[in-house]
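J.: Structure file input_20.cif, mmCIF, C-alpha atoms and all ligand atoms; chains and numbers go by the auth columns, is pasted below:
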data_protein
loop_
_atom_site.group_PDB
_atom_site.id
_atom_site.type_symbol
_atom_site.label_atom_id
_atom_site.label_comp_id
_atom_site.label_asym_id
_atom_site.label_seq_id
_atom_site.Cartn_x
_atom_site.Cartn_y
_atom_site.Cartn_z
_atom_site.B_iso_or_equiv
_atom_site.auth_seq_id
_atom_site.auth_asym_id
ATOM 1 C CA MET A 1 -0.342 17.584 5.926 0.00 4 U
ATOM 2 C CA SER A 2 -1.222 14.427 7.849 0.00 5 U
ATOM 3 C CA THR A 3 -4.724 12.944 7.851 0.00 6 U
ATOM 4 C CA SER A 4 -6.640 10.723 10.231 0.00 7 U
ATOM 5 C CA SER A 5 -8.276 8.949 7.274 0.00 8 U
ATOM 6 C CA PRO A 6 -6.820 5.473 6.654 0.00 9 U
ATOM 7 C CA VAL A 7 -7.563 5.791 2.921 0.00 10 U
ATOM 8 C CA ILE A 8 -4.667 5.829 0.439 0.00 11 U
ATOM 9 C CA VAL A 9 -5.859 6.632 -3.083 0.00 12 U
ATOM 10 C CA ALA A 10 -3.934 4.673 -5.758 0.00 13 U
ATOM 11 C CA LEU A 11 -3.113 7.000 -8.651 0.00 14 U
ATOM 12 C CA ASP A 12 -2.730 4.406 -11.397 0.00 15 U
ATOM 13 C CA TYR A 13 -2.447 6.648 -14.470 0.00 16 U
ATOM 14 C CA PRO A 14 -0.199 6.518 -17.550 0.00 17 U
ATOM 15 C CA GLN A 15 0.725 10.226 -17.365 0.00 18 U
ATOM 16 C CA MET A 16 1.300 13.066 -14.934 0.00 19 U
ATOM 17 C CA THR A 17 -1.600 15.305 -16.041 0.00 20 U
ATOM 18 C CA PRO A 18 -4.595 13.125 -15.111 0.00 21 U
ATOM 19 C CA ALA A 19 -2.878 12.199 -11.834 0.00 22 U
ATOM 20 C CA LEU A 20 -2.423 15.861 -10.899 0.00 23 U
ATOM 21 C CA GLU A 21 -6.011 16.654 -11.948 0.00 24 U
ATOM 22 C CA LEU A 22 -7.354 13.892 -9.733 0.00 25 U
ATOM 23 C CA ALA A 23 -5.128 15.005 -6.842 0.00 26 U
ATOM 24 C CA ALA A 24 -6.345 18.589 -7.235 0.00 27 U
ATOM 25 C CA SER A 25 -9.933 17.378 -6.771 0.00 28 U
ATOM 26 C CA LEU A 26 -9.077 15.701 -3.438 0.00 29 U
ATOM 27 C CA ASP A 27 -8.351 17.124 0.006 0.00 30 U
ATOM 28 C CA PRO A 28 -4.998 16.193 1.631 0.00 31 U
ATOM 29 C CA GLY A 29 -6.914 16.208 4.921 0.00 32 U
ATOM 30 C CA ALA A 30 -9.106 13.359 3.662 0.00 33 U
ATOM 31 C CA CYS A 31 -6.627 10.851 2.193 0.00 34 U
ATOM 32 C CA ARG A 32 -3.047 10.015 1.265 0.00 35 U
ATOM 33 C CA LEU A 33 -1.918 9.207 -2.284 0.00 36 U
ATOM 34 C CA LYS A 34 -0.093 6.225 -3.757 0.00 37 U
ATOM 35 C CA VAL A 35 2.237 6.428 -6.745 0.00 38 U
ATOM 36 C CA GLY A 36 2.919 3.037 -8.294 0.00 39 U
ATOM 37 C CA LYS A 37 4.926 1.551 -11.120 0.00 40 U
ATOM 38 C CA GLU A 38 2.825 2.839 -14.027 0.00 41 U
ATOM 39 C CA LEU A 39 2.752 6.486 -12.950 0.00 42 U
ATOM 40 C CA PHE A 40 6.279 6.655 -11.539 0.00 43 U
ATOM 41 C CA THR A 41 7.750 5.127 -14.701 0.00 44 U
ATOM 42 C CA ALA A 42 5.916 7.726 -16.782 0.00 45 U
ATOM 43 C CA ALA A 43 6.282 10.804 -14.582 0.00 46 U
ATOM 44 C CA GLY A 44 9.167 10.185 -12.155 0.00 47 U
ATOM 45 C CA PRO A 45 10.298 11.992 -9.013 0.00 48 U
ATOM 46 C CA VAL A 46 8.966 15.378 -10.191 0.00 49 U
ATOM 47 C CA LEU A 47 5.419 14.076 -9.872 0.00 50 U
ATOM 48 C CA VAL A 48 6.068 12.888 -6.304 0.00 51 U
ATOM 49 C CA GLU A 49 7.434 16.339 -5.435 0.00 52 U
ATOM 50 C CA ARG A 50 4.375 18.032 -6.991 0.00 53 U
ATOM 51 C CA LEU A 51 1.953 15.883 -4.985 0.00 54 U
ATOM 52 C CA GLN A 52 3.875 16.547 -1.768 0.00 55 U
ATOM 53 C CA SER A 53 3.884 20.286 -2.457 0.00 56 U
ATOM 54 C CA MET A 54 0.069 20.059 -2.768 0.00 57 U
ATOM 55 C CA GLY A 55 0.079 18.818 0.845 0.00 58 U
ATOM 56 C CA PHE A 56 -0.317 15.051 0.297 0.00 59 U
ATOM 57 C CA GLU A 57 1.652 12.333 2.044 0.00 60 U
ATOM 58 C CA VAL A 58 2.841 9.897 -0.633 0.00 61 U
ATOM 59 C CA PHE A 59 3.212 6.121 -0.553 0.00 62 U
ATOM 60 C CA LEU A 60 5.806 5.197 -3.206 0.00 63 U
ATOM 61 C CA ASP A 61 4.588 1.723 -4.199 0.00 64 U
ATOM 62 C CA LEU A 62 7.474 0.402 -6.282 0.00 65 U
ATOM 63 C CA LYS A 63 7.627 -3.004 -4.522 0.00 66 U
ATOM 64 C CA PHE A 64 11.405 -3.347 -4.788 0.00 67 U
ATOM 65 C CA HIS A 65 12.518 -6.966 -5.246 0.00 68 U
ATOM 66 C CA ASP A 66 16.195 -7.519 -6.042 0.00 69 U
ATOM 67 C CA ILE A 67 19.488 -8.423 -4.378 0.00 70 U
ATOM 68 C CA PRO A 68 20.153 -6.742 -0.991 0.00 71 U
ATOM 69 C CA ASN A 69 22.618 -4.116 -2.266 0.00 72 U
ATOM 70 C CA THR A 70 20.302 -2.998 -5.076 0.00 73 U
ATOM 71 C CA VAL A 71 17.188 -2.763 -2.916 0.00 74 U
ATOM 72 C CA ALA A 72 19.074 -0.857 -0.204 0.00 75 U
ATOM 73 C CA GLY A 73 20.211 1.708 -2.788 0.00 76 U
ATOM 74 C CA ALA A 74 16.720 2.006 -4.280 0.00 77 U
ATOM 75 C CA LEU A 75 15.304 2.675 -0.813 0.00 78 U
ATOM 76 C CA ARG A 76 17.874 5.393 -0.121 0.00 79 U
ATOM 77 C CA SER A 77 16.776 7.044 -3.375 0.00 80 U
ATOM 78 C CA ALA A 78 13.112 6.720 -2.364 0.00 81 U
ATOM 79 C CA ALA A 79 13.864 8.216 1.055 0.00 82 U
ATOM 80 C CA SER A 80 15.599 11.189 -0.561 0.00 83 U
ATOM 81 C CA LEU A 81 12.231 12.066 -2.171 0.00 84 U
ATOM 82 C CA GLY A 82 10.743 12.497 1.300 0.00 85 U
ATOM 83 C CA VAL A 83 7.991 9.929 0.773 0.00 86 U
ATOM 84 C CA TRP A 84 5.846 8.849 3.712 0.00 87 U
ATOM 85 C CA MET A 85 5.823 5.115 2.905 0.00 88 U
ATOM 86 C CA ALA A 86 7.851 2.783 0.655 0.00 89 U
ATOM 87 C CA ASN A 87 7.755 -0.953 0.090 0.00 90 U
ATOM 88 C CA ILE A 88 9.722 -4.056 -0.838 0.00 91 U
ATOM 89 C CA HIS A 89 8.809 -7.708 -1.445 0.00 92 U
ATOM 90 C CA VAL A 90 9.263 -9.829 1.688 0.00 93 U
ATOM 91 C CA SER A 91 10.070 -12.796 -0.589 0.00 94 U
ATOM 92 C CA GLY A 92 13.442 -11.114 -1.251 0.00 95 U
ATOM 93 C CA GLY A 93 14.445 -12.869 1.965 0.00 96 U
ATOM 94 C CA ARG A 94 16.018 -12.027 5.305 0.00 97 U
ATOM 95 C CA ARG A 95 19.290 -10.536 4.049 0.00 98 U
ATOM 96 C CA MET A 96 17.458 -8.242 1.651 0.00 99 U
ATOM 97 C CA LEU A 97 15.008 -7.177 4.397 0.00 100 U
ATOM 98 C CA GLU A 98 17.798 -6.485 6.885 0.00 101 U
ATOM 99 C CA ALA A 99 19.797 -4.519 4.301 0.00 102 U
ATOM 100 C CA SER A 100 16.666 -2.440 3.638 0.00 103 U
ATOM 101 C CA VAL A 101 16.150 -1.614 7.303 0.00 104 U
ATOM 102 C CA GLU A 102 19.839 -0.798 7.654 0.00 105 U
ATOM 103 C CA ALA A 103 19.747 1.457 4.554 0.00 106 U
ATOM 104 C CA LEU A 104 17.027 3.606 6.121 0.00 107 U
ATOM 105 C CA SER A 105 18.550 3.658 9.602 0.00 108 U
ATOM 106 C CA GLY A 106 20.771 6.633 8.788 0.00 109 U
ATOM 107 C CA VAL A 107 17.992 8.662 7.166 0.00 110 U
ATOM 108 C CA SER A 108 16.307 11.476 9.075 0.00 111 U
ATOM 109 C CA ALA A 109 12.501 11.126 8.792 0.00 112 U
ATOM 110 C CA PRO A 110 12.669 7.812 6.870 0.00 113 U
ATOM 111 C CA PRO A 111 9.593 6.416 5.083 0.00 114 U
ATOM 112 C CA LEU A 112 7.587 3.743 6.867 0.00 115 U
ATOM 113 C CA LEU A 113 9.010 0.536 5.369 0.00 116 U
ATOM 114 C CA ILE A 114 6.398 -2.053 4.432 0.00 117 U
ATOM 115 C CA GLY A 115 6.796 -5.576 3.015 0.00 118 U
ATOM 116 C CA VAL A 116 4.547 -7.085 0.345 0.00 119 U
ATOM 117 C CA THR A 117 3.349 -10.582 1.317 0.00 120 U
ATOM 118 C CA VAL A 118 0.994 -12.277 -1.192 0.00 121 U
ATOM 119 C CA LEU A 119 -0.596 -9.983 -3.790 0.00 122 U
ATOM 120 C CA THR A 120 -4.324 -9.355 -3.294 0.00 123 U
ATOM 121 C CA SER A 121 -4.933 -10.285 -6.946 0.00 124 U
ATOM 122 C CA MET A 122 -4.060 -13.909 -6.108 0.00 125 U
ATOM 123 C CA ASP A 123 -6.525 -16.543 -4.979 0.00 126 U
ATOM 124 C CA THR A 124 -5.856 -20.035 -3.667 0.00 127 U
ATOM 125 C CA GLN A 125 -5.653 -21.517 -7.157 0.00 128 U
ATOM 126 C CA ASP A 126 -3.072 -18.946 -8.359 0.00 129 U
ATOM 127 C CA PHE A 127 -1.104 -19.521 -5.166 0.00 130 U
ATOM 128 C CA ARG A 128 -1.049 -23.337 -5.497 0.00 131 U
ATOM 129 C CA GLU A 129 0.088 -23.066 -9.105 0.00 132 U
ATOM 130 C CA LEU A 130 3.279 -21.435 -7.837 0.00 133 U
ATOM 131 C CA GLY A 131 4.082 -24.647 -5.978 0.00 134 U
ATOM 132 C CA PHE A 132 3.390 -23.604 -2.393 0.00 135 U
ATOM 133 C CA GLY A 133 2.279 -26.531 -0.240 0.00 136 U
ATOM 134 C CA ASN A 134 0.806 -24.472 2.600 0.00 137 U
ATOM 135 C CA ALA A 135 -2.414 -22.451 2.760 0.00 138 U
ATOM 136 C CA LEU A 136 -2.345 -18.891 1.406 0.00 139 U
ATOM 137 C CA PRO A 137 -3.110 -17.163 4.762 0.00 140 U
ATOM 138 C CA GLU A 138 -0.385 -19.276 6.381 0.00 141 U
ATOM 139 C CA GLN A 139 2.132 -17.981 3.818 0.00 142 U
ATOM 140 C CA VAL A 140 1.001 -14.387 4.441 0.00 143 U
ATOM 141 C CA LEU A 141 1.555 -14.903 8.172 0.00 144 U
ATOM 142 C CA ARG A 142 4.941 -16.526 7.593 0.00 145 U
ATOM 143 C CA LEU A 143 6.136 -13.610 5.417 0.00 146 U
ATOM 144 C CA ALA A 144 4.696 -11.014 7.791 0.00 147 U
ATOM 145 C CA ALA A 145 6.426 -12.630 10.793 0.00 148 U
ATOM 146 C CA LEU A 146 9.738 -12.568 8.891 0.00 149 U
ATOM 147 C CA ALA A 147 9.194 -8.909 7.968 0.00 150 U
ATOM 148 C CA LYS A 148 8.532 -8.035 11.611 0.00 151 U
ATOM 149 C CA ASP A 149 11.546 -10.010 12.806 0.00 152 U
ATOM 150 C CA CYS A 150 13.746 -8.062 10.367 0.00 153 U
ATOM 151 C CA GLY A 151 12.492 -4.703 11.660 0.00 154 U
ATOM 152 C CA LEU A 152 9.988 -3.619 8.993 0.00 155 U
ATOM 153 C CA GLY A 153 7.117 -1.403 10.112 0.00 156 U
ATOM 154 C CA GLY A 154 4.349 -3.479 8.569 0.00 157 U
ATOM 155 C CA VAL A 155 3.139 -5.416 5.551 0.00 158 U
ATOM 156 C CA VAL A 156 0.892 -5.232 2.529 0.00 159 U
ATOM 157 C CA CYS A 157 -1.678 -8.015 2.764 0.00 160 U
ATOM 158 C CA SER A 158 -5.359 -8.551 2.094 0.00 161 U
ATOM 159 C CA ALA A 159 -7.791 -7.349 4.751 0.00 162 U
ATOM 160 C CA GLN A 160 -8.989 -10.959 4.855 0.00 163 U
ATOM 161 C CA GLU A 161 -5.745 -11.792 6.700 0.00 164 U
ATOM 162 C CA ALA A 162 -5.778 -8.711 8.942 0.00 165 U
ATOM 163 C CA SER A 163 -7.348 -10.249 12.034 0.00 166 U
ATOM 164 C CA ILE A 164 -4.968 -13.230 12.151 0.00 167 U
ATOM 165 C CA LEU A 165 -1.946 -10.961 11.598 0.00 168 U
ATOM 166 C CA ASN A 166 -3.075 -8.572 14.335 0.00 169 U
ATOM 167 C CA GLU A 167 -3.617 -11.469 16.677 0.00 170 U
ATOM 168 C CA GLN A 168 -0.212 -13.025 15.974 0.00 171 U
ATOM 169 C CA LEU A 169 1.972 -9.941 15.438 0.00 172 U
ATOM 170 C CA GLY A 170 0.324 -7.192 17.506 0.00 173 U
ATOM 171 C CA SER A 171 -1.498 -4.040 16.563 0.00 174 U
ATOM 172 C CA ASP A 172 1.613 -1.818 16.342 0.00 175 U
ATOM 173 C CA PHE A 173 2.623 -3.591 13.102 0.00 176 U
ATOM 174 C CA ALA A 174 0.971 -1.701 10.210 0.00 177 U
ATOM 175 C CA LEU A 175 -1.357 -3.618 7.870 0.00 178 U
ATOM 176 C CA VAL A 176 -1.696 -1.902 4.506 0.00 179 U
ATOM 177 C CA THR A 177 -4.585 -3.496 2.635 0.00 180 U
ATOM 178 C CA PRO A 178 -5.412 -3.132 -1.056 0.00 181 U
ATOM 179 C CA GLY A 179 -8.276 -5.173 -2.541 0.00 182 U
ATOM 180 C CA ILE A 180 -10.801 -2.786 -0.996 0.00 183 U
ATOM 181 C CA ARG A 181 -14.163 -2.707 -2.727 0.00 184 U
ATOM 182 C CA PRO A 182 -17.238 -0.788 -1.524 0.00 185 U
ATOM 183 C CA ALA A 183 -20.374 -2.996 -1.622 0.00 186 U
ATOM 184 C CA GLY A 184 -21.524 -3.471 -5.209 0.00 187 U
ATOM 185 C CA ALA A 185 -18.286 -2.188 -6.786 0.00 188 U
ATOM 186 C CA ALA A 186 -16.585 -4.191 -9.554 0.00 189 U
ATOM 187 C CA GLN A 187 -13.949 -6.591 -8.248 0.00 190 U
ATOM 188 C CA ASP A 188 -11.720 -6.034 -11.336 0.00 191 U
ATOM 189 C CA ASP A 189 -8.537 -8.136 -11.104 0.00 192 U
ATOM 190 C CA GLN A 190 -8.629 -8.259 -7.289 0.00 193 U
ATOM 191 C CA ARG A 191 -9.425 -11.622 -5.660 0.00 194 U
ATOM 192 C CA ARG A 192 -9.106 -11.235 -1.878 0.00 195 U
ATOM 193 C CA VAL A 193 -11.428 -8.289 -1.220 0.00 196 U
ATOM 194 C CA LEU A 194 -13.385 -6.697 1.627 0.00 197 U
ATOM 195 C CA THR A 195 -15.416 -3.497 1.937 0.00 198 U
ATOM 196 C CA PRO A 196 -13.774 -0.483 3.645 0.00 199 U
ATOM 197 C CA ALA A 197 -15.804 -0.953 6.847 0.00 200 U
ATOM 198 C CA GLU A 198 -15.149 -4.716 6.942 0.00 201 U
ATOM 199 C CA ALA A 199 -11.427 -4.106 6.425 0.00 202 U
ATOM 200 C CA MET A 200 -11.224 -1.624 9.307 0.00 203 U
ATOM 201 C CA ALA A 201 -13.239 -3.960 11.556 0.00 204 U
ATOM 202 C CA ALA A 202 -10.780 -6.757 10.690 0.00 205 U
ATOM 203 C CA GLY A 203 -7.847 -4.608 11.837 0.00 206 U
ATOM 204 C CA SER A 204 -6.456 -2.914 8.711 0.00 207 U
ATOM 205 C CA SER A 205 -4.312 0.147 9.423 0.00 208 U
ATOM 206 C CA TYR A 206 -4.547 1.641 5.922 0.00 209 U
ATOM 207 C CA LEU A 207 -6.928 1.000 3.026 0.00 210 U
ATOM 208 C CA VAL A 208 -5.518 1.265 -0.502 0.00 211 U
ATOM 209 C CA VAL A 209 -8.319 2.218 -2.893 0.00 212 U
ATOM 210 C CA GLY A 210 -7.749 2.843 -6.592 0.00 213 U
ATOM 211 C CA ARG A 211 -10.379 2.328 -9.297 0.00 214 U
ATOM 212 C CA PRO A 212 -13.454 2.626 -7.029 0.00 215 U
ATOM 213 C CA ILE A 213 -12.333 6.256 -6.511 0.00 216 U
ATOM 214 C CA THR A 214 -10.310 7.167 -9.620 0.00 217 U
ATOM 215 C CA ARG A 215 -12.884 5.750 -12.056 0.00 218 U
ATOM 216 C CA ALA A 216 -15.900 7.140 -10.193 0.00 219 U
ATOM 217 C CA GLU A 217 -17.881 9.909 -11.890 0.00 220 U
ATOM 218 C CA ASP A 218 -17.095 12.107 -8.885 0.00 221 U
ATOM 219 C CA PRO A 219 -13.868 10.828 -7.216 0.00 222 U
ATOM 220 C CA ALA A 220 -14.079 13.311 -4.317 0.00 223 U
ATOM 221 C CA ALA A 221 -17.633 12.148 -3.567 0.00 224 U
ATOM 222 C CA ALA A 222 -16.537 8.485 -3.771 0.00 225 U
ATOM 223 C CA LEU A 223 -13.727 9.194 -1.266 0.00 226 U
ATOM 224 C CA HIS A 224 -16.136 11.099 0.981 0.00 227 U
ATOM 225 C CA ALA A 225 -18.589 8.158 0.931 0.00 228 U
ATOM 226 C CA ILE A 226 -15.814 5.750 1.979 0.00 229 U
ATOM 227 C CA ASN A 227 -14.660 8.031 4.805 0.00 230 U
ATOM 228 C CA GLU A 228 -18.302 8.383 5.910 0.00 231 U
ATOM 229 C CA SER A 229 -18.769 4.605 5.876 0.00 232 U
ATOM 230 C CA LEU A 230 -15.887 4.517 8.375 0.00 233 U
ATOM 231 C CA GLN A 231 -17.668 7.166 10.429 0.00 234 U
ATOM 232 C CA LEU A 232 -14.901 9.668 9.773 0.00 235 U
ATOM 233 C CA SER A 233 -16.007 13.225 9.222 0.00 236 U
ATOM 234 C CA LEU A 234 -12.923 15.015 7.941 0.00 237 U
HETATM 235 O O1 LIG B . -1.132 -6.933 -3.039 0.00 1 Q
HETATM 236 C C1 LIG B . -1.254 -5.823 -3.606 0.00 1 Q
HETATM 237 C C2 LIG B . -0.276 -4.864 -3.595 0.00 1 Q
HETATM 238 C C3 LIG B . -0.499 -3.655 -4.210 0.00 1 Q
HETATM 239 N N1 LIG B . -1.659 -3.398 -4.839 0.00 1 Q
HETATM 240 C C4 LIG B . -1.841 -2.060 -5.458 0.00 1 Q
HETATM 241 O O2 LIG B . -2.978 -1.410 -4.872 0.00 1 Q
HETATM 242 C C5 LIG B . -3.740 -0.740 -5.849 0.00 1 Q
HETATM 243 C C6 LIG B . -5.137 -1.286 -5.850 0.00 1 Q
HETATM 244 O O3 LIG B . -5.896 -0.633 -6.856 0.00 1 Q
HETATM 245 P P1 LIG B . -7.429 -0.964 -7.123 0.00 1 Q
HETATM 246 O O4 LIG B . -7.743 -0.157 -8.339 0.00 1 Q
HETATM 247 O O5 LIG B . -8.191 -0.498 -5.906 0.00 1 Q
HETATM 248 O O6 LIG B . -7.564 -2.427 -7.355 0.00 1 Q
HETATM 249 C C7 LIG B . -2.993 -0.902 -7.177 0.00 1 Q
HETATM 250 O O7 LIG B . -2.228 0.259 -7.385 0.00 1 Q
HETATM 251 C C8 LIG B . -2.082 -2.098 -6.955 0.00 1 Q
HETATM 252 O O8 LIG B . -0.870 -1.970 -7.658 0.00 1 Q
HETATM 253 C C9 LIG B . -2.635 -4.344 -4.875 0.00 1 Q
HETATM 254 O O9 LIG B . -3.740 -4.153 -5.457 0.00 1 Q
HETATM 255 N N2 LIG B . -2.417 -5.542 -4.237 0.00 1 Q
#
Take the structure in the file and write it out as structure tokens.
T.:
Amino acid sequence: MSTSSPVIVALDYPQMTPALELAASLDPGACRLKVGKELFTAAGPVLVERLQSMGFEVFLDLKFHDIPNTVAGALRSAASLGVWMANIHVSGGRRMLEASVEALSGVSAPPLLIGVTVLTSMDTQDFRELGFGNALPEQVLRLAALAKDCGLGGVVCSAQEASILNEQLGSDFALVTPGIRPAGAAQDDQRRVLTPAEAMAAGSSYLVVGRPITRAEDPAAALHAINESLQLSL
């Protein structure tokens, strides 16, 4: 099932059972689901198939970052699971990005391929420590422009960079934004955050929301409140 909600719920669990329980409490018409490194390493492709058979579109968030041949093969494996979205690190460079696009070109119904720019857990100080001489938003734009030039469908960035990316790269390039925190919610390890409504107003295409939903007393109600704040009645 497809949904008009931009919300992607991050299922960051150490085992299959709590992930399936959470999924069973949600409506595939009200969100998509994200399976990341923790859950996929524990539960594998079977879990992805179970979530899809429950009607959810799945973002496989494994952030591949390796040499071109290895990433291309990993993406073909991801595509064979029938996932809706998959991602790679843009900092793998042009040849890796082009090999990734090429790897999916022969696939029928390929996943939307998205490039990770600068993680939303990083602030300016973290970024400078890595030795970059430019400003963090400038680096996000640089990586996003490279991703677009290589044929990717969009990027993962913070919603704080969404308006500049939309302005520079156009609104048909998807902006997938984690670091989403409803007003008053704990920031946790995220650093570049916005509320769901602020993120949509800034031009985000999809909002990745984990702990504010999965750790809520009533996750379905927390999801409903976010969709309502976006004036979506699903
Ligand atoms: O830059 C990035 C890229 C990916 N993520 C992932 O999104 C979720 C966010 O979870 P919260 O609990 O809402 O913080 C998580 O799975 C990350 O691996 C990100 O946060 N930032």
J.: Here is a test: counting all atoms listed in the file, which residue of U:Glu141, U:Glu24, U:Glu41, U:Glu164 is nearest to ligand LIG 1 (chain Q)?
T.: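 Among U:Glu141, U:Glu24, U:Glu41, U:Glu164, it is U:Glu41 that comes nearest to ligand LIG 1 (chain Q).
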J.: Find the distance between atom CA of His227 of chain U and atom CA of Ala89 of chain U and write it in Å to one decimal.
T.: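 Distance reported for this atom pair: 25.4 Å.
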J.: Taking the file as I've supplied it (selection: the PyMOL selection byres (((not hetatm)) within 9 of (chain Q and resi 1))), which residues are included? Please answer as a PyMOL selection string.
T.: chain U and resi 12-15+37-41+64-66+119-125+159-161+179-184+190-193+211-218
J.: With distances taken over all atoms listed in the file, which residue among U:Pro199, U:Gly136, U:Pro113, U:Gly32 lies nearest Pro185 of chain U?
T.: U:Pro199
J.: Between atom CA of Leu149 of chain U and atom CA of Leu168 of chain U, what is the distance in Å, rounded to a tenth?
T.: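 Result for atom CA of Leu149 of chain U versus atom CA of Leu168 of chain U: 12.1 Å, one decimal.
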J.: Pull out every residue that the PyMOL selection byres (((chain U and resi 231) around 12) and not hetatm) matches in the shown coordinates and put them as a list in words.
T.: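 This file gives the following for the PyMOL selection byres (((chain U and resi 231) around 12) and not hetatm): Ser8, Pro9, Val10, Ala33, Pro185, Pro199, Ala200, Ala224, Ala225, Leu226, His227, Ala228, Ile229, Asn230, Ser232, Leu233, Gln234, Leu235, Ser236 and Leu237 of chain U.
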J.: As an exercise, work out the distance from atom CA of Ala165 of chain U to atom CA of Ala205 of chain U in Å and give it to one decimal place.
T.: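 According to the coordinates, atom CA of Ala165 of chain U and atom CA of Ala205 of chain U are separated by 5.6 Å.
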J.: Counting all atoms listed in the file, give me one row per residue of segment 58-113 of chain U with an atom at most 12 Å from an atom of segment 45-49 of chain U, showing the shortest contact pair and its distance in Å to one decimal, sorted by chain then residue number, as a Markdown table.
T.:
| residue | atom | partner | partner_atom | distance |
| --- | --- | --- | --- | --- |
| U:Val61 | CA | U:Pro48 | CA | 11.4 |
| U:Leu63 | CA | U:Pro48 | CA | 10.0 |
| U:Leu65 | CA | U:Gly47 | CA | 11.5 |
| U:Ser80 | CA | U:Pro48 | CA | 9.9 |
| U:Ala81 | CA | U:Pro48 | CA | 8.9 |
| U:Ala82 | CA | U:Pro48 | CA | 11.3 |
| U:Ser83 | CA | U:Pro48 | CA | 10.0 |
| U:Leu84 | CA | U:Pro48 | CA | 7.1 |
| U:Gly85 | CA | U:Pro48 | CA | 10.3 |
| U:Val86 | CA | U:Pro48 | CA | 10.3 |
J.: Using all atoms of segment 159-175 of chain U listed in the file and a margin of 6 Å per side, can you give the axis-aligned box centre and edge lengths in Å to one decimal, as AutoDock Vina command-line options?
T.:
--center_x -3.5 --center_y -7.5 --center_z 9.8 --size_x 23.0 --size_y 23.4 --size_z 27.4
J.: At a cut-off of 12 Å, can you tabulate as a Markdown table every residue of segment 47-129 of chain U near segment 170-177 of chain U together with its closest atom pair and the distance in Å to one decimal, using all atoms listed in the file and ordering rows by chain then number?
T.:
| residue | atom | partner | partner_atom | distance |
| --- | --- | --- | --- | --- |
| U:Met88 | CA | U:Ala177 | CA | 11.1 |
| U:Leu115 | CA | U:Ala177 | CA | 9.2 |
| U:Leu116 | CA | U:Ala177 | CA | 9.6 |
| U:Ile117 | CA | U:Ala177 | CA | 7.9 |
| U:Gly118 | CA | U:Ala177 | CA | 10.0 |
| U:Val119 | CA | U:Ala177 | CA | 11.8 |
J.: Select, from U:Leu155, U:Ala26, U:Ala186, U:Leu197, the residue with the minimum atom-to-atom distance to Leu210 of chain U, counting only C-alpha atoms.
T.: U:Leu197
J.: For this structure, which residues satisfy the selection - the PyMOL selection byres (((chain U and resi 99) around 12) and not hetatm) - when it is evaluated on the file as given? I want them as a PyMOL selection string.
T.: chain U and resi 67-78+91-98+100-106+118+149-150+153-155
J.: Compare U:Ala27, U:Ala22, U:Leu54, U:Leu178 by their minimum atom-to-atom distance to Leu42 of chain U, counting all atoms listed in the file, and give me the closest one.
T.: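 Ranked by minimum distance to Leu42 of chain U, first place goes to U:Ala22.
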J.: Point out the residue among U:Pro21, U:Phe130, U:Arg79, U:Cys34 with the least atom-to-atom distance to Tyr209 of chain U, counting only C-alpha atoms.
T.: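 Between U:Pro21, U:Phe130, U:Arg79, U:Cys34, the residue approaching Tyr209 of chain U most closely is U:Cys34.
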J.: Since the input lacks atoms, please generate N, CA and C atoms for segment 44-54 of chain U and provide them as an mmCIF file, in the frame of the given file.
T.:
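Dumped everything to result29.cif:
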data_model
loop_
_atom_site.group_PDB
_atom_site.id
_atom_site.type_symbol
_atom_site.label_atom_id
_atom_site.label_comp_id
_atom_site.auth_asym_id
_atom_site.auth_seq_id
_atom_site.Cartn_x
_atom_site.Cartn_y
_atom_site.Cartn_z
ATOM 1 N N THR U 44 6.937 5.370 -13.499
ATOM 2 C CA THR U 44 7.750 5.127 -14.701
ATOM 3 C C THR U 44 7.495 6.211 -15.746
ATOM 4 N N ALA U 45 6.255 6.692 -15.801
ATOM 5 C CA ALA U 45 5.916 7.726 -16.782
ATOM 6 C C ALA U 45 6.337 9.122 -16.319
ATOM 7 N N ALA U 46 6.172 9.401 -15.033
ATOM 8 C CA ALA U 46 6.282 10.804 -14.582
ATOM 9 C C ALA U 46 7.448 11.073 -13.633
ATOM 10 N N GLY U 47 7.952 10.045 -12.948
ATOM 11 C CA GLY U 47 9.167 10.185 -12.155
ATOM 12 C C GLY U 47 9.062 11.002 -10.884
ATOM 13 N N PRO U 48 10.239 11.306 -10.306
ATOM 14 C CA PRO U 48 10.298 11.992 -9.013
ATOM 15 C C PRO U 48 9.611 13.362 -8.998
ATOM 16 N N VAL U 49 9.581 14.037 -10.157
ATOM 17 C CA VAL U 49 8.966 15.378 -10.191
ATOM 18 C C VAL U 49 7.499 15.306 -9.764
ATOM 19 N N LEU U 50 6.843 14.249 -10.214
ATOM 20 C CA LEU U 50 5.419 14.076 -9.872
ATOM 21 C C LEU U 50 5.254 13.916 -8.352
ATOM 22 N N VAL U 51 6.138 13.099 -7.757
ATOM 23 C CA VAL U 51 6.068 12.888 -6.304
ATOM 24 C C VAL U 51 6.241 14.235 -5.595
ATOM 25 N N GLU U 52 7.207 15.023 -6.062
ATOM 26 C CA GLU U 52 7.434 16.339 -5.435
ATOM 27 C C GLU U 52 6.211 17.242 -5.595
ATOM 28 N N ARG U 53 5.564 17.195 -6.776
ATOM 29 C CA ARG U 53 4.375 18.032 -6.991
ATOM 30 C C ARG U 53 3.250 17.634 -6.034
ATOM 31 N N LEU U 54 3.034 16.343 -5.870
ATOM 32 C CA LEU U 54 1.953 15.883 -4.985
ATOM 33 C C LEU U 54 2.242 16.293 -3.543
#
